[in-house]
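Take a look at the structure set out below.
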Amino acid sequence: ATLYTKFSNSSGNEHKQVALELQRKLLEEEYLEKEFFEDEKYKGQSEAAILMGVSVYFFYEDQYTKSEEAGLKALALLHGVENVLTSDTYSTLGCSAQRKGNLPNALDYIQKGLAIDTKLGDRERMGSDLNTITGIYLAMEDAKSAEKYILRAIQLQRAVDAGKPSARLGIELGMASEVYLKLKKYEQALKYAQEAYDTAEKMGDKIVAAVRQCQIAAVLFDLQRYDEAEKTLREALAICKTIGNRYLERRCEKGLAAALRTTNPVEAFKHLERYSVLADSIFSEESARQSNIFNAKYKNEELEMKNAEIEATNRTFRIILVATIVGLFLLIALAIALYVAFKHKSRAHEMAQRLEHARTSFFTNITHE
């Protein structure tokens, strides 16, 4: 952040040096890809690439306004350019706007990125764009629009995977289940949730498998198939306790409390109690974490302000120093000029006196003769 401040406020050779240092840091921390500086097709776009990297950095620091500001500066430099760098900038801008709750702007940014990725034929980025658009439409309570994009994403990913299971396909299948649950198309929601679970099982990902079981149980609950929902949640709960994932455990406990509410109220109450304990514990830890993050950010901002003040003071001092040096130089030059003029005048006066003396002596001698 401090380097970015210097980058924004510097010029000339100083700006070039700061840009190189900022570029090195962004590459080192994997906020940027090397190809943006090594590939000829990105020639002359290094400044935009650095700004895009800064935008990504601020996004992961949860500073979404700063992320948008840096991203928009990058876009201004990339005006009329349609490449991966521009697409990635739109993607970061869309995600930042989404986190800020500005869903129309988020949708516009991601749609523009998708148009570029489609032209480039970049299927990986296209899939990511389609997933993000689906999520935005779900947040906007527009499941019907979301359906079109998630089905397109799944079709694209199946072609890429060529029959092999992949984490991305699992995510998309899970999102499709959410979309159909919102549309109250429960059988389709169940079908996609089950396939998402099967994908996680094939990949040996127990955590994701447990998430998908919770998703399946939610659909079964809406279908009023409570016994099946209970069985699925108990299986998921056992996995959560084994791997120590309290977030999923909390979700399973809440689901079991709902599933057993009418058939076994006593056990349902026990699950509800465990859910409350887990929820309180997680909330306390999350509050402490957010408090630490806030304190760290406050200290960083305070440090940045102090650095900015020092930089401003140093800049003022440099200006005064340069002005003083120039002033002294002019005074010295003036003094030398006056001295030279004085010497010339003294010599002229001396010559005049000698000439007058010679003339007087000449006339005196003439008179005597």
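Quick note on naming: the chains in the structure tokens go A, B, ... in the order shown, residues restart at 1 in each chain, and ligands are numbered from 1 in order of appearance.
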**Study point:** range 243-245 of chain A surroundings by only C-alpha atoms, 12 Å radius, close-in-sequence under 2 positions cut, as a VMD selection string
**Key:** chain A and resid 205 to 211 236 to 241 247 to 252 278 282
Let me see the file: selected residues, N, CA, C and O atoms, as a PDB file, in the first residue's frame.
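And here's again-v6.pdb as it stands now:
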ATOM      1  N   ASP A 205     -12.479 -35.522  -2.102  1.00  0.00           N
ATOM      2  CA  ASP A 205     -12.554 -34.288  -1.301  1.00  0.00           C
ATOM      3  C   ASP A 205     -13.682 -34.426  -0.275  1.00  0.00           C
ATOM      4  O   ASP A 205     -14.854 -34.186  -0.572  1.00  0.00           O
ATOM      5  N   LYS A 206     -13.323 -34.793   0.950  1.00  0.00           N
ATOM      6  CA  LYS A 206     -14.321 -35.070   1.994  1.00  0.00           C
ATOM      7  C   LYS A 206     -15.082 -33.820   2.421  1.00  0.00           C
ATOM      8  O   LYS A 206     -16.284 -33.879   2.699  1.00  0.00           O
ATOM      9  N   ILE A 207     -14.380 -32.692   2.512  1.00  0.00           N
ATOM     10  CA  ILE A 207     -15.040 -31.452   2.953  1.00  0.00           C
ATOM     11  C   ILE A 207     -16.131 -31.045   1.958  1.00  0.00           C
ATOM     12  O   ILE A 207     -17.269 -30.772   2.343  1.00  0.00           O
ATOM     13  N   VAL A 208     -15.772 -31.041   0.674  1.00  0.00           N
ATOM     14  CA  VAL A 208     -16.752 -30.658  -0.356  1.00  0.00           C
ATOM     15  C   VAL A 208     -17.890 -31.680  -0.401  1.00  0.00           C
ATOM     16  O   VAL A 208     -19.061 -31.308  -0.577  1.00  0.00           O
ATOM     17  N   ALA A 209     -17.545 -32.957  -0.206  1.00  0.00           N
ATOM     18  CA  ALA A 209     -18.579 -34.009  -0.198  1.00  0.00           C
ATOM     19  C   ALA A 209     -19.589 -33.747   0.919  1.00  0.00           C
ATOM     20  O   ALA A 209     -20.806 -33.898   0.726  1.00  0.00           O
ATOM     21  N   ALA A 210     -19.085 -33.320   2.093  1.00  0.00           N
ATOM     22  CA  ALA A 210     -19.973 -33.015   3.224  1.00  0.00           C
ATOM     23  C   ALA A 210     -20.859 -31.807   2.912  1.00  0.00           C
ATOM     24  O   ALA A 210     -22.046 -31.778   3.268  1.00  0.00           O
ATOM     25  N   VAL A 211     -20.284 -30.812   2.227  1.00  0.00           N
ATOM     26  CA  VAL A 211     -21.062 -29.630   1.809  1.00  0.00           C
ATOM     27  C   VAL A 211     -22.197 -30.059   0.891  1.00  0.00           C
ATOM     28  O   VAL A 211     -23.349 -29.622   1.038  1.00  0.00           O
ATOM     29  N   ALA A 236     -23.038 -36.561   6.928  1.00  0.00           N
ATOM     30  CA  ALA A 236     -22.240 -35.343   6.777  1.00  0.00           C
ATOM     31  C   ALA A 236     -21.664 -34.897   8.115  1.00  0.00           C
ATOM     32  O   ALA A 236     -20.502 -34.481   8.191  1.00  0.00           O
ATOM     33  N   LEU A 237     -22.453 -34.997   9.195  1.00  0.00           N
ATOM     34  CA  LEU A 237     -22.009 -34.599  10.533  1.00  0.00           C
ATOM     35  C   LEU A 237     -20.824 -35.437  10.986  1.00  0.00           C
ATOM     36  O   LEU A 237     -19.870 -34.918  11.580  1.00  0.00           O
ATOM     37  N   ALA A 238     -20.877 -36.739  10.698  1.00  0.00           N
ATOM     38  CA  ALA A 238     -19.770 -37.633  11.080  1.00  0.00           C
ATOM     39  C   ALA A 238     -18.471 -37.207  10.382  1.00  0.00           C
ATOM     40  O   ALA A 238     -17.397 -37.188  11.008  1.00  0.00           O
ATOM     41  N   ILE A 239     -18.584 -36.837   9.111  1.00  0.00           N
ATOM     42  CA  ILE A 239     -17.407 -36.374   8.364  1.00  0.00           C
ATOM     43  C   ILE A 239     -16.875 -35.069   8.954  1.00  0.00           C
ATOM     44  O   ILE A 239     -15.668 -34.903   9.150  1.00  0.00           O
ATOM     45  N   CYS A 240     -17.792 -34.148   9.276  1.00  0.00           N
ATOM     46  CA  CYS A 240     -17.400 -32.837   9.822  1.00  0.00           C
ATOM     47  C   CYS A 240     -16.643 -32.988  11.139  1.00  0.00           C
ATOM     48  O   CYS A 240     -15.636 -32.302  11.380  1.00  0.00           O
ATOM     49  N   LYS A 241     -17.108 -33.885  11.998  1.00  0.00           N
ATOM     50  CA  LYS A 241     -16.444 -34.095  13.289  1.00  0.00           C
ATOM     51  C   LYS A 241     -15.077 -34.742  13.103  1.00  0.00           C
ATOM     52  O   LYS A 241     -14.135 -34.449  13.841  1.00  0.00           O
ATOM     53  N   TYR A 247     -17.728 -25.132  10.932  1.00  0.00           N
ATOM     54  CA  TYR A 247     -18.714 -24.391  10.147  1.00  0.00           C
ATOM     55  C   TYR A 247     -19.741 -25.346   9.540  1.00  0.00           C
ATOM     56  O   TYR A 247     -20.954 -25.116   9.618  1.00  0.00           O
ATOM     57  N   LEU A 248     -19.231 -26.443   8.966  1.00  0.00           N
ATOM     58  CA  LEU A 248     -20.141 -27.445   8.404  1.00  0.00           C
ATOM     59  C   LEU A 248     -20.890 -28.190   9.503  1.00  0.00           C
ATOM     60  O   LEU A 248     -22.053 -28.542   9.351  1.00  0.00           O
ATOM     61  N   GLU A 249     -20.197 -28.428  10.610  1.00  0.00           N
ATOM     62  CA  GLU A 249     -20.834 -29.107  11.746  1.00  0.00           C
ATOM     63  C   GLU A 249     -22.036 -28.300  12.241  1.00  0.00           C
ATOM     64  O   GLU A 249     -23.105 -28.850  12.519  1.00  0.00           O
ATOM     65  N   ARG A 250     -21.856 -26.988  12.312  1.00  0.00           N
ATOM     66  CA  ARG A 250     -22.952 -26.098  12.722  1.00  0.00           C
ATOM     67  C   ARG A 250     -24.134 -26.236  11.766  1.00  0.00           C
ATOM     68  O   ARG A 250     -25.294 -26.336  12.197  1.00  0.00           O
ATOM     69  N   ARG A 251     -23.823 -26.251  10.473  1.00  0.00           N
ATOM     70  CA  ARG A 251     -24.877 -26.369   9.456  1.00  0.00           C
ATOM     71  C   ARG A 251     -25.622 -27.706   9.590  1.00  0.00           C
ATOM     72  O   ARG A 251     -26.853 -27.759   9.472  1.00  0.00           O
ATOM     73  N   CYS A 252     -24.885 -28.778   9.844  1.00  0.00           N
ATOM     74  CA  CYS A 252     -25.503 -30.104   9.994  1.00  0.00           C
ATOM     75  C   CYS A 252     -26.393 -30.165  11.237  1.00  0.00           C
ATOM     76  O   CYS A 252     -27.497 -30.727  11.200  1.00  0.00           O
ATOM     77  N   LEU A 278     -22.004 -23.922  18.943  1.00  0.00           N
ATOM     78  CA  LEU A 278     -21.070 -23.753  17.822  1.00  0.00           C
ATOM     79  C   LEU A 278     -21.192 -22.363  17.206  1.00  0.00           C
ATOM     80  O   LEU A 278     -20.188 -21.712  16.897  1.00  0.00           O
ATOM     81  N   ILE A 282     -18.158 -19.679  17.075  1.00  0.00           N
ATOM     82  CA  ILE A 282     -17.684 -19.187  15.771  1.00  0.00           C
ATOM     83  C   ILE A 282     -17.853 -17.676  15.675  1.00  0.00           C
ATOM     84  O   ILE A 282     -16.964 -16.976  15.171  1.00  0.00           O
TER      85      ILE A 282
END
Exercise for review: Identify, on the basis of only C-alpha atoms, every residue whose closest approach to Gln213 in chain A does not exceed 9 Å; exclude the query and any residue fewer than 3 positions from it along the same chain; express the result as an MDAnalysis selection string.
Suggested key: chainID A and resid 193:194 197 208:210 216:218 229 232:233 235:236
Practice item. Have a look at A:Leu114, A:Leu223, A:Ile336, A:Leu169 and name the one nearest to Ala200 in chain A; count only C-alpha atoms. Key: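 Using only C-alpha atoms, Ala200 in chain A sits closest to A:Leu169.
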**Study point:** Of the listed residues A:Ile133, A:Gly204, A:Met140, A:Glu187, that which approaches Ser166 in chain A most closely, counting only C-alpha atoms
**Key:** A:Gly204
**Study point:** Counting only C-alpha atoms, the residue of A:Ala279, A:Lys231, A:Thr134, A:Tyr149 that sits nearest Lys254 in chain A
**Key:** A:Ala279
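Computed from the coordinates, the CA of Leu120 in chain A to CA of Tyr60 in chain A distance equals 26.7 Å.
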**Study point:** Which of A:Thr92, A:Lys184, A:Thr86, A:Glu14 sits closest to Glu69 in chain A [using only C-alpha atoms]
**Key:**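 So, comparing all the options, the nearest one is A:Thr92.
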